[in-house]
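Listing of coords.txt; format and content: compact mmCIF, C-alpha atoms and all ligand atoms.
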```
# COMPACT_ATOMS: atom_id res chain seq x y z
CA MET A 195 0.00 0.00 0.00
CA PRO A 196 1.51 3.35 -0.96
CA GLN A 197 1.79 5.79 1.93
CA HIS A 198 -1.11 8.24 2.25
CA ILE A 199 -0.13 11.77 1.29
CA THR A 200 -2.23 14.93 1.12
CA TYR A 201 -1.00 17.74 -1.13
CA THR A 202 -2.52 21.05 -0.14
CA ASN A 203 -1.81 24.63 0.78
CA GLN A 204 -4.60 24.47 3.44
CA VAL A 205 -2.47 22.48 5.87
CA GLY A 206 -4.40 23.24 9.08
CA ALA A 207 -7.72 22.12 7.62
CA ALA A 208 -6.12 18.97 6.20
CA LEU A 209 -4.58 18.12 9.56
CA ASP A 210 -7.91 18.63 11.37
CA ARG A 211 -9.61 16.34 8.84
CA VAL A 212 -7.03 13.61 9.30
CA LEU A 213 -7.20 13.84 13.09
CA ALA A 214 -11.01 13.85 13.11
CA SER A 215 -10.95 10.47 11.38
CA THR A 216 -8.29 9.09 13.75
CA CYS A 217 -8.91 7.75 17.22
CA CYS A 218 -6.44 10.14 18.86
CA LEU A 219 -6.64 10.55 22.62
CA ARG A 220 -3.77 12.96 22.97
CA LEU A 221 -1.89 15.01 20.42
CA PHE A 222 1.79 15.99 20.54
CA VAL A 223 3.50 18.34 18.11
CA LEU A 224 7.25 18.29 17.50
CA THR A 225 9.03 21.30 16.00
CA ASP A 226 12.58 22.63 16.04
CA GLU A 227 13.27 26.16 17.25
CA ASN A 228 12.98 27.54 13.67
CA THR A 229 9.83 25.76 12.58
CA HIS A 230 8.29 26.57 15.98
CA GLN A 231 8.78 30.24 15.20
CA LEU A 232 8.43 30.42 11.41
CA VAL A 233 5.98 27.66 10.51
CA LEU A 234 3.73 26.66 13.40
CA PRO A 235 1.98 30.07 13.70
CA HIS A 236 0.90 29.75 10.05
CA ILE A 237 -0.88 26.42 10.48
CA ASP A 238 -4.49 27.18 11.21
CA SER A 239 -5.56 24.00 12.97
CA LYS A 240 -8.03 23.64 15.87
CA ALA A 241 -6.45 20.38 16.98
CA LEU A 242 -2.97 21.88 17.23
CA HIS A 243 -4.18 24.41 19.83
CA GLN A 244 -4.76 21.56 22.25
CA ALA A 245 -1.56 19.70 21.49
CA THR A 246 1.43 19.35 23.81
CA GLU A 247 4.37 21.09 22.20
CA ILE A 248 7.87 19.62 22.09
CA ILE A 249 10.60 21.89 20.74
CA ILE A 250 14.11 20.64 19.94
CA HIS A 251 17.23 22.47 18.77
CA ALA A 252 17.50 22.94 15.00
CA GLY A 253 20.10 21.38 12.72
CA ASP A 254 21.45 17.95 11.88
CA GLU A 255 24.00 18.25 14.69
CA HIS A 256 21.05 17.85 17.06
CA LYS A 257 19.66 14.69 15.44
CA THR A 258 21.04 12.94 18.50
CA LEU A 259 20.24 10.58 21.32
CA ASP A 260 19.88 13.60 23.64
CA ALA A 261 17.17 15.17 21.51
CA LEU A 262 15.50 11.78 21.06
CA ALA A 263 15.46 11.31 24.84
CA GLN A 264 13.96 14.79 25.19
CA VAL A 265 11.05 13.72 22.97
CA TRP A 266 10.59 10.39 24.79
CA HIS A 267 10.60 12.26 28.14
CA ALA A 268 8.00 14.76 26.97
CA LEU A 269 5.76 11.96 25.66
CA SER A 270 6.12 9.97 28.85
CA ASP A 271 5.73 12.93 31.27
CA ASP A 272 2.59 14.06 29.52
CA GLY A 273 0.98 10.63 29.58
CA ALA A 274 1.22 9.63 25.92
CA THR A 275 -0.40 6.26 25.21
CA ARG A 276 -0.63 3.95 22.18
CA GLN A 277 -3.64 6.09 21.19
CA SER A 278 -1.57 9.28 21.05
CA VAL A 279 -0.38 10.86 17.82
CA LEU A 280 2.84 12.81 17.23
CA VAL A 281 2.83 15.48 14.51
CA ASN A 282 6.32 16.25 13.18
CA ILE A 283 6.54 19.77 11.72
CA GLY A 284 9.96 20.49 10.26
CA GLY A 285 12.66 19.49 7.86
CA GLY A 286 14.24 16.08 7.46
CA MET A 287 15.88 16.33 10.86
CA VAL A 288 12.55 16.69 12.69
CA CYS A 289 10.81 14.06 10.53
CA ASP A 290 13.66 11.54 10.97
CA LEU A 291 14.01 12.04 14.72
CA GLY A 292 10.29 12.43 15.42
CA GLY A 293 9.48 9.38 13.32
CA PHE A 294 12.03 7.31 15.24
CA ALA A 295 10.74 8.61 18.59
CA ALA A 296 7.20 7.62 17.60
CA ALA A 297 8.28 4.24 16.19
CA THR A 298 9.97 3.30 19.47
CA PHE A 299 7.78 4.92 22.16
CA LYS A 300 5.61 2.19 23.73
CA ARG A 301 6.73 0.01 20.79
CA GLY A 302 5.20 2.42 18.33
CA ILE A 303 2.66 5.24 18.29
CA ARG A 304 1.18 6.87 15.21
CA PHE A 305 2.79 9.91 13.65
CA ILE A 306 2.07 12.48 10.97
CA ASN A 307 4.77 14.29 9.01
CA ILE A 308 4.36 17.89 7.86
CA PRO A 309 7.63 18.54 5.99
CA THR A 310 8.65 22.20 5.87
CA THR A 311 11.79 22.09 3.70
CA LEU A 312 11.80 21.05 0.06
CA LEU A 313 14.32 18.29 0.86
CA SER A 314 12.05 16.80 3.50
CA ALA A 315 8.92 17.13 1.34
CA VAL A 316 10.46 15.41 -1.64
CA ASP A 317 12.55 12.87 0.25
CA ALA A 318 12.85 12.57 4.04
CA ALA A 319 9.18 12.69 5.07
CA VAL A 320 8.14 9.89 2.72
CA GLY A 321 9.40 6.32 2.50
CA GLY A 322 9.62 5.17 6.10
CA LYS A 323 13.28 5.71 6.97
CA THR A 324 13.63 7.21 10.46
CA GLY A 325 16.59 7.57 12.76
CA ILE A 326 19.29 9.60 14.44
CA ASN A 327 23.02 10.21 14.08
CA PHE A 328 25.06 8.24 16.61
CA ASN A 329 28.70 7.66 17.50
CA GLY A 330 29.79 10.27 14.94
CA LEU A 331 27.96 8.47 12.12
CA LYS A 332 24.98 9.71 10.15
CA ASN A 333 21.72 7.80 10.55
CA GLU A 334 23.56 5.09 12.49
CA VAL A 335 20.50 4.07 14.55
CA GLY A 336 16.99 3.98 13.15
CA ALA A 337 14.00 2.01 12.01
CA PHE A 338 11.73 1.64 9.03
CA ALA A 339 8.42 3.20 10.12
CA GLU A 340 5.98 4.95 7.83
CA ALA A 341 4.09 8.06 8.87
CA ASP A 342 0.34 7.42 9.01
CA GLU A 343 -0.14 10.56 6.96
CA VAL A 344 2.11 13.08 5.25
CA ILE A 345 0.78 16.56 4.49
CA ILE A 346 2.82 18.28 1.81
CA SER A 347 2.61 21.95 0.92
CA THR A 348 4.74 24.52 -0.88
CA CYS A 349 3.53 27.37 1.36
CA PHE A 350 6.26 26.80 3.97
CA PHE A 351 9.03 27.38 1.44
CA LYS A 352 8.48 31.17 1.58
CA SER A 353 10.57 31.42 4.74
CA LEU A 354 13.14 28.89 3.57
CA PRO A 355 16.63 30.30 2.78
CA PRO A 356 17.28 30.04 -1.02
CA LYS A 357 20.20 27.70 -0.37
CA GLU A 358 17.89 25.21 1.39
CA LEU A 359 15.44 25.41 -1.51
CA ARG A 360 18.19 24.74 -4.07
CA SER A 361 19.45 21.86 -1.94
CA GLY A 362 16.03 20.16 -2.01
CA TYR A 363 15.66 20.85 -5.71
CA ALA A 364 18.58 18.54 -6.47
CA GLU A 365 16.42 15.62 -5.29
CA VAL A 366 13.63 16.90 -7.56
CA ILE A 367 16.10 16.80 -10.47
CA LYS A 368 17.13 13.27 -9.45
CA HIS A 369 13.50 12.09 -9.43
CA ALA A 370 12.96 13.74 -12.84
CA MET A 371 15.99 11.87 -14.22
CA LEU A 372 14.55 8.59 -12.92
CA ASP A 373 11.10 9.42 -14.26
CA GLY A 374 11.32 10.46 -17.90
CA HIS A 375 12.12 13.07 -20.51
CA GLU A 376 9.01 15.18 -20.13
CA THR A 377 9.50 15.70 -16.39
CA PHE A 378 13.25 16.22 -16.78
CA GLY A 379 12.64 18.85 -19.48
CA GLN A 380 10.26 20.81 -17.24
CA ILE A 381 12.38 20.65 -14.10
CA ILE A 382 15.63 21.59 -15.79
CA GLU A 383 14.09 24.59 -17.60
CA GLN A 384 12.95 26.43 -14.49
CA ALA A 385 14.49 27.93 -11.37
CA PRO A 386 14.00 26.03 -8.07
CA GLN A 387 11.64 28.71 -6.70
CA GLN A 388 9.25 28.10 -9.62
CA LEU A 389 8.42 24.58 -8.44
CA THR A 390 4.63 24.17 -8.17
CA LEU A 391 2.67 21.98 -5.77
CA GLN A 392 1.65 19.83 -8.74
CA GLN A 393 5.27 19.29 -9.78
CA LEU A 394 6.20 18.53 -6.18
CA GLU A 395 3.45 15.92 -6.08
CA ALA A 396 4.72 14.31 -9.29
CA SER A 397 8.24 14.26 -7.86
CA VAL A 398 7.19 12.61 -4.59
CA GLN A 399 5.22 10.03 -6.58
CA VAL A 400 8.41 8.95 -8.34
CA LYS A 401 9.92 8.05 -4.96
CA GLN A 402 6.66 6.48 -3.75
CA ARG A 403 6.37 4.23 -6.79
CA ILE A 404 9.91 2.96 -6.27
CA VAL A 405 9.61 2.53 -2.49
CA ALA A 406 6.28 0.69 -2.83
CA GLN A 407 8.00 -1.96 -4.97
CA ASP A 408 11.06 -2.28 -2.71
CA PRO A 409 10.42 -0.87 0.78
CA HIS A 410 13.54 -2.38 2.38
CA GLU A 411 16.05 -1.52 -0.31
CA GLN A 412 16.68 -5.01 -1.69
CA GLY A 413 17.12 -3.80 -5.26
CA LEU A 414 14.99 -1.25 -7.09
CA ARG A 415 15.10 1.30 -4.25
CA ARG A 416 18.83 1.61 -4.91
CA THR A 417 17.94 3.57 -8.07
CA LEU A 418 17.22 6.42 -5.64
CA ASN A 419 20.96 6.50 -4.93
CA LEU A 420 21.52 8.15 -8.29
CA GLY A 421 24.00 10.99 -7.75
CA HIS A 422 24.68 9.87 -4.19
CA THR A 423 27.86 7.75 -4.56
CA VAL A 424 29.83 10.78 -5.72
CA GLY A 425 27.52 13.12 -3.76
CA HIS A 426 28.13 11.49 -0.38
CA ALA A 427 31.90 11.48 -1.02
CA LEU A 428 31.82 15.23 -1.77
CA GLU A 429 29.76 15.84 1.37
CA SER A 430 32.20 13.89 3.55
CA TRP A 431 35.18 15.53 1.85
CA ALA A 432 33.76 18.99 2.65
CA PHE A 433 33.05 17.84 6.19
CA GLN A 434 36.65 16.66 6.64
CA ARG A 435 38.01 19.88 5.17
CA SER A 436 35.97 21.93 7.61
CA GLY A 437 38.26 20.42 10.27
CA LEU A 438 35.41 18.86 12.17
CA ALA A 439 35.84 15.23 11.18
CA GLY A 440 36.71 12.64 13.76
CA THR A 441 34.57 14.26 16.40
CA SER A 442 31.17 13.01 17.42
CA PHE A 443 27.97 14.61 16.16
CA GLN A 444 26.61 14.44 19.65
CA GLY A 445 26.72 17.79 21.38
CA SER A 446 29.63 18.91 19.23
CA GLY A 447 27.81 21.70 17.42
CA ILE A 448 28.93 20.30 14.04
CA ARG A 449 27.30 21.74 10.97
CA ALA A 450 27.80 20.12 7.59
CA SER A 451 29.76 22.57 5.44
CA MET A 452 28.21 21.47 2.11
CA PRO A 453 24.41 21.20 1.85
CA HIS A 454 23.39 17.64 1.01
CA GLY A 455 21.52 18.65 -2.15
CA TYR A 456 24.48 20.61 -3.54
CA ALA A 457 26.63 17.50 -3.18
CA VAL A 458 23.88 15.49 -4.91
CA ALA A 459 23.63 18.01 -7.78
CA TRP A 460 27.39 17.66 -8.48
CA GLY A 461 27.10 13.91 -7.94
CA LEU A 462 24.33 13.75 -10.56
CA VAL A 463 26.60 15.43 -13.12
CA ALA A 464 29.55 13.12 -12.34
CA GLU A 465 27.31 10.05 -12.51
CA ALA A 466 25.69 11.26 -15.74
CA VAL A 467 29.22 11.45 -17.17
CA LEU A 468 29.83 7.86 -16.01
CA SER A 469 26.48 6.89 -17.55
CA HIS A 470 27.61 8.44 -20.82
CA MET A 471 30.98 6.65 -20.70
CA LEU A 472 29.65 3.23 -19.70
CA LEU A 473 26.02 3.08 -20.86
CA GLN A 474 25.92 5.60 -23.73
CA PHE A 475 23.69 8.05 -21.83
CA PRO A 476 22.99 10.79 -24.42
CA SER A 477 25.45 13.70 -24.42
CA ASP A 478 22.78 16.37 -24.95
CA ASP A 479 21.02 15.40 -21.69
CA LEU A 480 24.37 15.38 -19.91
CA HIS A 481 25.06 18.83 -21.28
CA ARG A 482 21.69 20.25 -20.16
CA LEU A 483 22.22 18.86 -16.67
CA GLY A 484 25.81 20.11 -16.42
CA THR A 485 24.83 23.60 -17.53
CA TYR A 486 21.91 23.76 -15.08
CA VAL A 487 24.06 22.62 -12.16
CA ARG A 488 26.80 25.13 -13.06
CA ASP A 489 24.25 27.98 -13.17
CA HIS A 490 22.40 27.13 -9.94
CA TYR A 491 24.92 25.34 -7.72
CA GLY A 492 28.32 26.69 -8.75
CA THR A 493 31.37 24.53 -8.04
CA PRO A 494 32.35 22.16 -5.21
CA GLY A 495 35.91 23.55 -5.43
CA ILE A 496 37.74 20.24 -5.80
CA THR A 497 41.11 19.81 -7.54
CA CYS A 498 42.80 16.64 -8.77
CA ASP A 499 44.75 16.57 -5.49
CA ASP A 500 41.42 15.70 -3.82
CA TYR A 501 40.75 12.65 -6.02
CA PRO A 502 42.51 10.07 -3.80
CA THR A 503 40.45 11.20 -0.78
CA LEU A 504 37.23 11.17 -2.79
CA LEU A 505 37.97 7.67 -4.14
CA GLU A 506 38.70 6.41 -0.64
CA LEU A 507 35.42 7.88 0.62
CA MET A 508 33.49 6.24 -2.23
CA ARG A 509 35.10 2.89 -1.42
CA HIS A 510 33.87 3.20 2.17
CA ASP A 511 30.37 4.28 1.19
CA LYS A 512 27.65 2.21 2.92
CA LYS A 513 26.47 1.08 -0.51
CA SER A 514 29.76 -0.21 -1.89
CA ARG A 515 30.71 -3.85 -1.41
CA GLN A 516 34.17 -5.15 -0.49
CA GLY A 517 35.78 -1.86 -1.39
CA GLU A 518 34.41 -1.86 -4.92
CA ILE A 519 32.85 1.45 -5.99
CA ASN A 520 29.27 0.99 -7.14
CA CYS A 521 26.89 3.45 -8.76
CA THR A 522 23.36 3.65 -10.02
CA LEU A 523 23.65 4.88 -13.62
CA LEU A 524 21.25 5.71 -16.45
CA ARG A 525 21.00 4.29 -19.95
CA HIS A 526 18.61 7.12 -20.71
CA ILE A 527 16.53 9.56 -18.70
CA GLY A 528 13.94 7.27 -17.08
CA ASP A 529 16.00 4.09 -17.53
CA PRO A 530 18.20 3.46 -14.45
CA VAL A 531 20.57 0.53 -13.91
CA ILE A 532 21.67 -0.34 -10.35
CA ASP A 533 24.98 -1.80 -9.11
CA ASN A 534 27.41 -0.70 -11.81
CA PRO A 535 31.01 -1.37 -10.70
CA ILE A 536 33.20 1.63 -11.49
CA THR A 537 37.00 1.80 -11.82
CA ASP A 538 39.14 4.51 -10.22
CA ASP A 539 40.16 5.79 -13.66
CA ASP A 540 36.54 6.20 -14.74
CA ILE A 541 35.76 8.17 -11.57
CA LYS A 542 38.77 10.43 -12.15
CA THR A 543 37.63 11.12 -15.72
CA ALA A 544 34.09 11.84 -14.49
CA LEU A 545 35.42 14.27 -11.87
CA ASP A 546 37.57 15.98 -14.54
CA ILE A 547 34.50 16.46 -16.75
CA LEU A 548 32.37 17.60 -13.79
CA ARG A 549 34.99 20.29 -13.15
CA ASP A 550 34.98 21.26 -16.85
CA TYR A 551 31.26 21.94 -16.48
CA VAL A 552 31.11 23.76 -13.17
CA ASP A 553 34.51 25.38 -12.48
N1 LIG B 601 14.52 9.61 5.93
C1 LIG B 601 14.96 9.81 4.70
O1 LIG B 601 14.65 9.07 3.76
C2 LIG B 601 15.84 10.99 4.44
C3 LIG B 601 16.12 11.38 3.14
C4 LIG B 601 16.91 12.51 2.93
C5 LIG B 601 17.40 13.23 4.04
N2 LIG B 601 17.12 12.81 5.30
C6 LIG B 601 17.58 13.55 6.48
O2 LIG B 601 17.00 14.84 6.44
C7 LIG B 601 17.86 15.76 7.10
C8 LIG B 601 18.06 16.95 6.21
O3 LIG B 601 16.81 17.55 5.97
P1 LIG B 601 16.65 19.11 5.77
O4 LIG B 601 17.54 19.57 4.68
O5 LIG B 601 15.21 19.37 5.71
O6 LIG B 601 17.35 19.69 7.10
P2 LIG B 601 16.78 20.28 8.47
O7 LIG B 601 15.60 19.57 8.96
O8 LIG B 601 17.96 20.36 9.38
O9 LIG B 601 16.34 21.77 8.04
C9 LIG B 601 17.28 22.69 7.57
C10 LIG B 601 17.14 24.03 8.30
O10 LIG B 601 15.96 24.70 7.84
C11 LIG B 601 15.16 25.09 8.96
N3 LIG B 601 13.79 25.10 8.46
C12 LIG B 601 12.97 24.05 8.26
N4 LIG B 601 11.84 24.44 7.67
C13 LIG B 601 11.93 25.78 7.51
C14 LIG B 601 11.07 26.77 6.93
N5 LIG B 601 9.92 26.44 6.36
N6 LIG B 601 11.49 28.05 6.92
C15 LIG B 601 12.70 28.39 7.45
N7 LIG B 601 13.56 27.51 7.99
C16 LIG B 601 13.17 26.21 8.01
C17 LIG B 601 15.48 24.08 10.02
O11 LIG B 601 15.16 24.57 11.29
C18 LIG B 601 16.97 23.89 9.81
O12 LIG B 601 17.67 24.93 10.44
C19 LIG B 601 19.13 15.01 7.42
O13 LIG B 601 19.09 14.64 8.77
C20 LIG B 601 19.07 13.79 6.52
O14 LIG B 601 19.76 12.69 7.07
C21 LIG B 601 16.35 11.72 5.52
ZN ZN B 602 19.72 12.63 -0.93
```

Would you mind giving the structure from this file in structure tokens?
Amino acid sequence: MPQHITYTNQVGAALDRVLASTCCLRLFVLTDENTHQLVLPHIDSKALHQATEIIIHAGDEHKTLDALAQVWHALSDDGATRQSVLVNIGGGMVCDLGGFAAATFKRGIRFINIPTTLLSAVDAAVGGKTGINFNGLKNEVGAFAEADEVIISTCFFKSLPPKELRSGYAEVIKHAMLDGHETFGQIIEQAPQQLTLQQLEASVQVKQRIVAQDPHEQGLRRTLNLGHTVGHALESWAFQRSGLAGTSFQGSGIRASMPHGYAVAWGLVAEAVLSHMLLQFPSDDLHRLGTYVRDHYGTPGITCDDYPTLLELMRHDKKSRQGEINCTLLRHIGDPVIDNPITDDDIKTALDILRDYVD
């Protein structure tokens, strides 16, 4: 069964409707300090007025056991039961942590996600992956648990910094590349701030269709890793360069120095180059993508001196097996192929061509 999602710009009314049809004895609402201030006041919901509020610190550096314990404490102190519902209002950090808190409290209570960043709307709030960072590692502890309802809107993006919007848009581009030419053409011809609710819905449906066929990532779901083998390496490289690597996320005040979506955008170009080299992905589509990413995301600032580090990071990626670098590639837009082994030389060539596009 695909996850139930409501697309609307009348979020309060939609939430009240969902709750009216749910046997909910007590309502809890989780925000971070930003969404508490910038988003919550704009949701016109009767039910939310009676909810117990839980506010956590903002940012991925707070997706920790401490913040998780804070949510468990608040639920427990205020008498949450299996009939309670937790509403997560925030970006991917709040949805991931709140979803995990709900999945584990009293062995699982129901939760609703209201994603407020583009990245969380198009990716994190849907698909059932929840969790926290632990022991210095991202998403080290978590569970598969689907929100009972996701309410998606574009109205929250007004207060979102442009960089956050661009970051989320990279996942929209990725979904368009997995979907087909028509979608790709539309998405690549407009600026991120032009994204409509209808286009957002179509983008989320791409992920939903894939997840419904492979919820636990046995095969097909790995197509969603497009752009992420190189992307994750760039993200970790930037993290190491910021001088913060080797320390724990927990309580360390670490902020990632490269937004996830920027790394994915550059990763998409590098992996489109690999697709061209290994699977004859058409050069005109590669060129359109490369030009778009140059214009909207700029450059990651790598040089060939960084290649050995990047290769090492790719070899240690969660998705690679026995040190072999693996990528999802495309034969064409809309025609992905998972588990392509890639040689070091091919990666170096792809990084060279990425730099030709964006530097
Ligand atoms: N579960 C999944 O499948 C999945 C997929 C992708 C990413 N993620 C996770 O999602 C997280 C990243 O998500 P994110 O980019 O949304 O980060 P985030 O939740 O940290 O939000 C980014 C920043 O924007 C602020 N913010 C949120 N909504 C706002 C709004 N409407 N206006 C102004 N500011 C707002 C937040 O307070 C935060 O400071 C990471 O923890 C990542 O691991 C999970
Ligand atoms: Zn991603």

Using only C-alpha atoms and all ligand atoms, find each residue with an atom at most 6 Å away from ligand LIG 601 (chain B) and format the answer as a list in words.
Asp226, Asn228, Thr229, Leu232, Val233, Ala252, Gly253, Asp254, Gly284, Gly285, Gly286, Met287, Val288, Asp290, Thr310, Thr311, Leu313, Ser314, Asp317, Ala318, Lys323, Thr324, Phe350, Phe351, Ser353 and Leu354 of chain A

Mind checking which residues fall within 12 Å of segment 198-201 of chain A, counting all atoms listed in the file, ignoring those fewer than 4 positions away in the same chain, and posting them as an mmCIF file with C-alpha atoms, in the frame of the given file?
```cif
data_model
loop_
_atom_site.group_PDB
_atom_site.id
_atom_site.type_symbol
_atom_site.label_atom_id
_atom_site.label_comp_id
_atom_site.auth_asym_id
_atom_site.auth_seq_id
_atom_site.Cartn_x
_atom_site.Cartn_y
_atom_site.Cartn_z
ATOM 1 C CA VAL A 205 -2.470 22.480 5.870
ATOM 2 C CA GLY A 206 -4.400 23.240 9.080
ATOM 3 C CA ALA A 207 -7.720 22.120 7.620
ATOM 4 C CA ALA A 208 -6.120 18.970 6.200
ATOM 5 C CA LEU A 209 -4.580 18.120 9.560
ATOM 6 C CA ARG A 211 -9.610 16.340 8.840
ATOM 7 C CA VAL A 212 -7.030 13.610 9.300
ATOM 8 C CA ILE A 306 2.070 12.480 10.970
ATOM 9 C CA ASN A 307 4.770 14.290 9.010
ATOM 10 C CA ILE A 308 4.360 17.890 7.860
ATOM 11 C CA PRO A 309 7.630 18.540 5.990
ATOM 12 C CA ALA A 315 8.920 17.130 1.340
ATOM 13 C CA VAL A 316 10.460 15.410 -1.640
ATOM 14 C CA ALA A 319 9.180 12.690 5.070
ATOM 15 C CA VAL A 320 8.140 9.890 2.720
ATOM 16 C CA GLY A 321 9.400 6.320 2.500
ATOM 17 C CA GLY A 322 9.620 5.170 6.100
ATOM 18 C CA GLU A 340 5.980 4.950 7.830
ATOM 19 C CA ALA A 341 4.090 8.060 8.870
ATOM 20 C CA ASP A 342 0.340 7.420 9.010
ATOM 21 C CA GLU A 343 -0.140 10.560 6.960
ATOM 22 C CA VAL A 344 2.110 13.080 5.250
ATOM 23 C CA ILE A 345 0.780 16.560 4.490
ATOM 24 C CA ILE A 346 2.820 18.280 1.810
ATOM 25 C CA SER A 347 2.610 21.950 0.920
ATOM 26 C CA THR A 348 4.740 24.520 -0.880
ATOM 27 C CA CYS A 349 3.530 27.370 1.360
ATOM 28 C CA THR A 390 4.630 24.170 -8.170
ATOM 29 C CA LEU A 391 2.670 21.980 -5.770
ATOM 30 C CA GLN A 392 1.650 19.830 -8.740
ATOM 31 C CA GLN A 393 5.270 19.290 -9.780
ATOM 32 C CA LEU A 394 6.200 18.530 -6.180
ATOM 33 C CA GLU A 395 3.450 15.920 -6.080
ATOM 34 C CA ALA A 396 4.720 14.310 -9.290
ATOM 35 C CA SER A 397 8.240 14.260 -7.860
ATOM 36 C CA VAL A 398 7.190 12.610 -4.590
ATOM 37 C CA GLN A 399 5.220 10.030 -6.580
ATOM 38 C CA GLN A 402 6.660 6.480 -3.750
ATOM 39 C CA ALA A 406 6.280 0.690 -2.830
#
```

Name each residue within 9 Å of ligand ZN 602 (chain B), counting all atoms listed in the file, as a ChimeraX atom specification.
/A:313,317-318,362,364-365,368,418-422,425-426,454-455,457-458

Set the distance at 9 Å and use all atoms listed in the file: which residues neighbour Pro535 of chain A once local chain neighbours fewer than 3 positions away are removed? I'd like the list as a list in words.
Ser514, Glu518, Ile519, Asn520 and Cys521 of chain A

Pairwise distance for atom CA of Leu414 of chain A and atom CA of Lys257 of chain A, rounded to one decimal in Å
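About the pair atom CA of Leu414 of chain A and atom CA of Lys257 of chain A: they are 28.0 Å apart.
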
Non-local contacts of Ala466 of chain A (8 Å; all atoms listed in the file; under 2 positions in same chain excluded) as a short mmCIF file (atom, residue, chain, number, x, y, z; two decimals) with C-alpha atoms, keeping the file's coordinate frame:
```cif
data_model
loop_
_atom_site.label_atom_id
_atom_site.label_comp_id
_atom_site.auth_asym_id
_atom_site.auth_seq_id
_atom_site.Cartn_x
_atom_site.Cartn_y
_atom_site.Cartn_z
CA LEU A 462 24.33 13.75 -10.56
CA VAL A 463 26.60 15.43 -13.12
CA ALA A 464 29.55 13.12 -12.34
CA LEU A 468 29.83 7.86 -16.01
CA SER A 469 26.48 6.89 -17.55
CA HIS A 470 27.61 8.44 -20.82
CA PHE A 475 23.69 8.05 -21.83
CA LEU A 480 24.37 15.38 -19.91
CA LEU A 523 23.65 4.88 -13.62
CA LEU A 524 21.25 5.71 -16.45
#
```

How would you write as a list in words the residues that get within 12 Å of (12.0, 28.9, -9.5) in the file's frame, counting only C-alpha atoms?
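Here is the list of nearby residues: Phe351, Lys352, Pro356, Leu359, Arg360, Tyr363, Gln380, Ile381, Ile382, Glu383, Gln384, Ala385, Pro386, Gln387, Gln388, Leu389, Thr390, Gln393 and His490 of chain A.
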
Quick one: distance from atom CA of His236 of chain A to atom CA of Ala297 of chain A in Å, one decimal?
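That distance, rounded to one decimal, is 27.3 Å.
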
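Those residues that approach segment 492-506 of chain A to within 9 Å, counting all atoms listed in the file, are Val424, Ala427, Leu428, Ser430, Trp431, Ala432, Met452, Tyr456, Ala457, Trp460, Val487, Asp511, Gly517, Ile519, Asp538, Ile541, Lys542, Leu545, Asp546, Arg549, Tyr551, Val552 and Asp553 of chain A; same-chain residues fewer than 5 positions away are not listed.
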
Among listed residues A:Gln277, A:Ser270, A:Ser477, A:Ser451, nearest Phe433 of chain A (using only C-alpha atoms)
A:Ser451
